[in-house]
Each structure stands twice: as structure tokens, then as C-alpha cells.
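In what follows, a structure is listed as C-alpha cells, so that the remarks can point back to it.
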Amino acid sequence: MCVDAHQPVPSRLTRRGVLAGAAALAGTVAAAGTAAAVAPGAPEPSGAAGAAGAPARTGDLVIRGGTLLDPATGHVTEDAVVVIRSGVVSAAGRAGTVRVPDGSPVLDADGHWVLPGLTDAHIHLSTTAEARAALRCGVTSARSGSTSFYQDIAVRELARHSPELAPRLRAAGVFVTPLPGDTLLADPDLTPLVRAKDGVRSAEALRRMVDVNAARGADVIKTRVNERAGLPDQDPLTQVYSREQLAEIVAAARRHGKGVLCHSYSEKGCHDAVTAGVRSLEHGVFVGERTLREMRRRDTYFTPTLTAIAGLAESADPVLAERGRAFLPVLKRAVRAAYELGVPLAAGTDSSGGIVDPVGREVELMHAAGLPALDALRTATTGAARLLGLDRTVGRLARGYAGDALLLAGDPLADLSLLKAPVRVIRAGIPV
């Protein structure tokens, strides 16, 4: 054993220290003073003030004149008014039924559809540039798929004090994986694991990685059961953790009140992950019916990341391109089967490495896999919000919900591609 199972995680390295280091990596200092760009042709809020024409950062805004869509019910309100006070919706409804506070900045949404901000339930945000790119794609809430050095925790903190710079984020910290490499340098309390001859596989080592993540402020725990599909020299059907090892990770996470998302591909790997108790299955290309039924019974989410698999098919690497072409139709069938069995689905792009794919593309691919347009939209709104534990906070524009909104050029239920290019994004009542 390389780690004493009863040795507590030392408190000498505080969360503040980790956040400071992660902030430097994420570039949050530079971003704090950066003005948000305004998309050409986007409607401007009236009554706004600030340097260089930037909207006032009060979190107060009235969105007036658009067509409001509620993903929870499918209800459409013409000539709608949404009132946001201090970043939270205080009222929403048809014009004439909602009192508009005097002096509030007004965003004219006439001719546009108004939706709640979208959620990307699997994205890797390591820099402020990536966080702002996600916002511009309409992602106002997200769940991290892990980062190498706790940058996602810094991005989460950035989002709390400057919401116009980053999506609201559930951070995963560092990846619980057999061979973390230099990620073990992310925290001094992880470095003893470097001595492990077989990598992070023993019960003690697995618990240590979870405990350090929890101590440093991670909201969720990320692990894997299979190798990666995006590396040509790895076989995504090769299993790297057993059900027993996954159960150890899940148990450790639960002691901290946290759920686990699990990278998976093979049917056996998927089944082992689900029966070990993970909260959500990521990718899951070859998930079978017995596992899907178990997911439905356990209320385990499926985040298929169709965007990432479709991206493999477009790769210049012939191995990856062939893998993507072979995997995508299989995954689409799995998504359709999951939907028909009542397995909860969440949209996630698996964006990483400085490239942020619009979660609207994931919604399109959900629809192409067989989901009706409204249910496909729910995977990036109400459904994803529930997975993140934010179902009373995001996913709708109703009283008490976050003032995160999108303006679209038309009806997304008639043309889901509109989700990929929002005309305007509002985050916590602040036009981005």
C-alpha cells in the first residue's frame, strides 16, 4: 500500500491556495477586467450604462416583446415580458400581465424567441477564453468533465463573482484514473500516489484521490471504466477499473455527498459502472438494454456526448475517423433506446483543448437520434439541470429561477439549429 488508509487529508494547503494556483492557470486575473464583446446585429438593452458602452453589471434587466418558450411545459407565450432583478427572474408572462419596474434596463426582443440559458453537462473548461466561448454558445450552466490542475474550480469561482465571464459550473477537479501522470502534481496531497507501481488502483489510492478532490472543493467526481476513444493508440473497449474499484470510488464520493460521472464505452464497462452506483454514464456507446433498464431503475443519467463521437468521424486521423463512423450510429441507437425506456438524458459536448462546440449541436444530434424536438431541447435545459442538482434554479424562465436567457432568431422547435447561434445571451441578468 502506498497511502495510509486512515491518514486524513492535511489542511495545510487550503482551498484558497488551490484556487489561487488554479486561477493563475485559468487566467482569471486577466479576464476580470475584460469587457464582453457584443455580437454584430444583436439587439442592445436600453438604459444600460458602463465603460465603453458595456451594460451595467447590476443583474437587473427586462426582456420585452419576444416569444417565450418554457421547456418544462412546452408552453409558448407571445409578446412576453421577463423581469430579472439582481440576477433572478421576478416575473414572466404576457405583456400587460407583468409589472415592469421603473428605470430597469430593457432589452427589446421583438421578433425573437426567448429561452432559458442552456446547460452543457460534460465540458472541460480550463481557461477564461473557453468559459467565455461556452457562454457565447448559449451555455449559462455546465458540469465539468475534469481538468488537469483544478482550473475548473477557479472557473467556477470566476462565474460566481463575474457571471458575465463564465457559466455557472459544477466542478469535477482532477480525473480519478489509473495513470494520472502529471495531474498528481496538482496537489501535494496527491504526490504520494506517484510511488504506486500499478497506478491509482488500490482502494487506498482511489479513496485518496476522491478525498483530495473533495477537500479542494470539487462538486462532483469524474472517473472512467474504459480507455479513451479519442486516442488512436488506445482501445475504448478495454476496461481499466473493475466494478469493485468503481464501487470504492462511488462510496468515497458519497461520504462527501458527491455523485460520480463515469467515462465508459463497452457494455460490460457500462454495466459495471451503473451497478457500482455512478450518477451518470458518459459516452456509453455500446450500452445494452439490460444496463439501460438498470439505469432507469436507479435513475442513472445518460450523457452520450454525441457531438464528441461525431467529431471523431471528422478527424484527419484515419483510425479516429473510422472509429467515429462506426460508433456514431451505434450511439444514436443507444440514445433512442434509452429515451424509449425512460432513461434520463443530458446534453454534453465533451468540448476540450480550447475548442468549444455549441451544445445546440448536441441537441440537434439528440433529435436526429429519435427524440422529439421538445424532448431534445429538455436534455440541455430541464433535464440537464436536474442532473446538476439545479432543477429549481435553471432550465426555465419562471419566478425564482436564474436570469439566464437566450434570444434566438426563430422557433427552435421548428429549427433546432438556431440553438447553435443565439442572437444574444443573458447571464444572471447581464447581457453578455
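Ligands are numbered from 1 in the order shown, chains are lettered A, B, ... in the order of the C-alpha cells, and residues start at 1 in each chain.
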Per-residue DSSP, segment 347-409 of chain A, filtered to alpha helix (DSSP H), as a list in words: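 Assigned to alpha helix (DSSP H), within segment 347-409 of chain A: Val359, Gly360, Arg361, Glu362, Val363, Glu364, Leu365, Met366, His367, Ala368, Ala373, Leu374, Asp375, Ala376, Leu377, Arg378, Thr382, Gly383, Ala384, Ala385, Arg386 and Leu387 of chain A.
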Shell around Ala313 of chain A at 7 Å using only C-alpha atoms, local window under 2 positions removed, as a list of chain:residue names: A:Ile309, A:Ala310, A:Gly311, A:Ser315, A:Leu320, A:Ala321, A:Glu322, A:Arg323, A:Gly324, A:Arg325
Near-Ala72 of chain A list (8 Å; only C-alpha atoms; drop same-chain fewer than 6 positions) as a count of residues only: 4
Separation of atom CA of Thr238 of chain A from atom CA of Thr177 of chain A, in Å and rounded to one decimal: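 It comes out at 13.6 Å.
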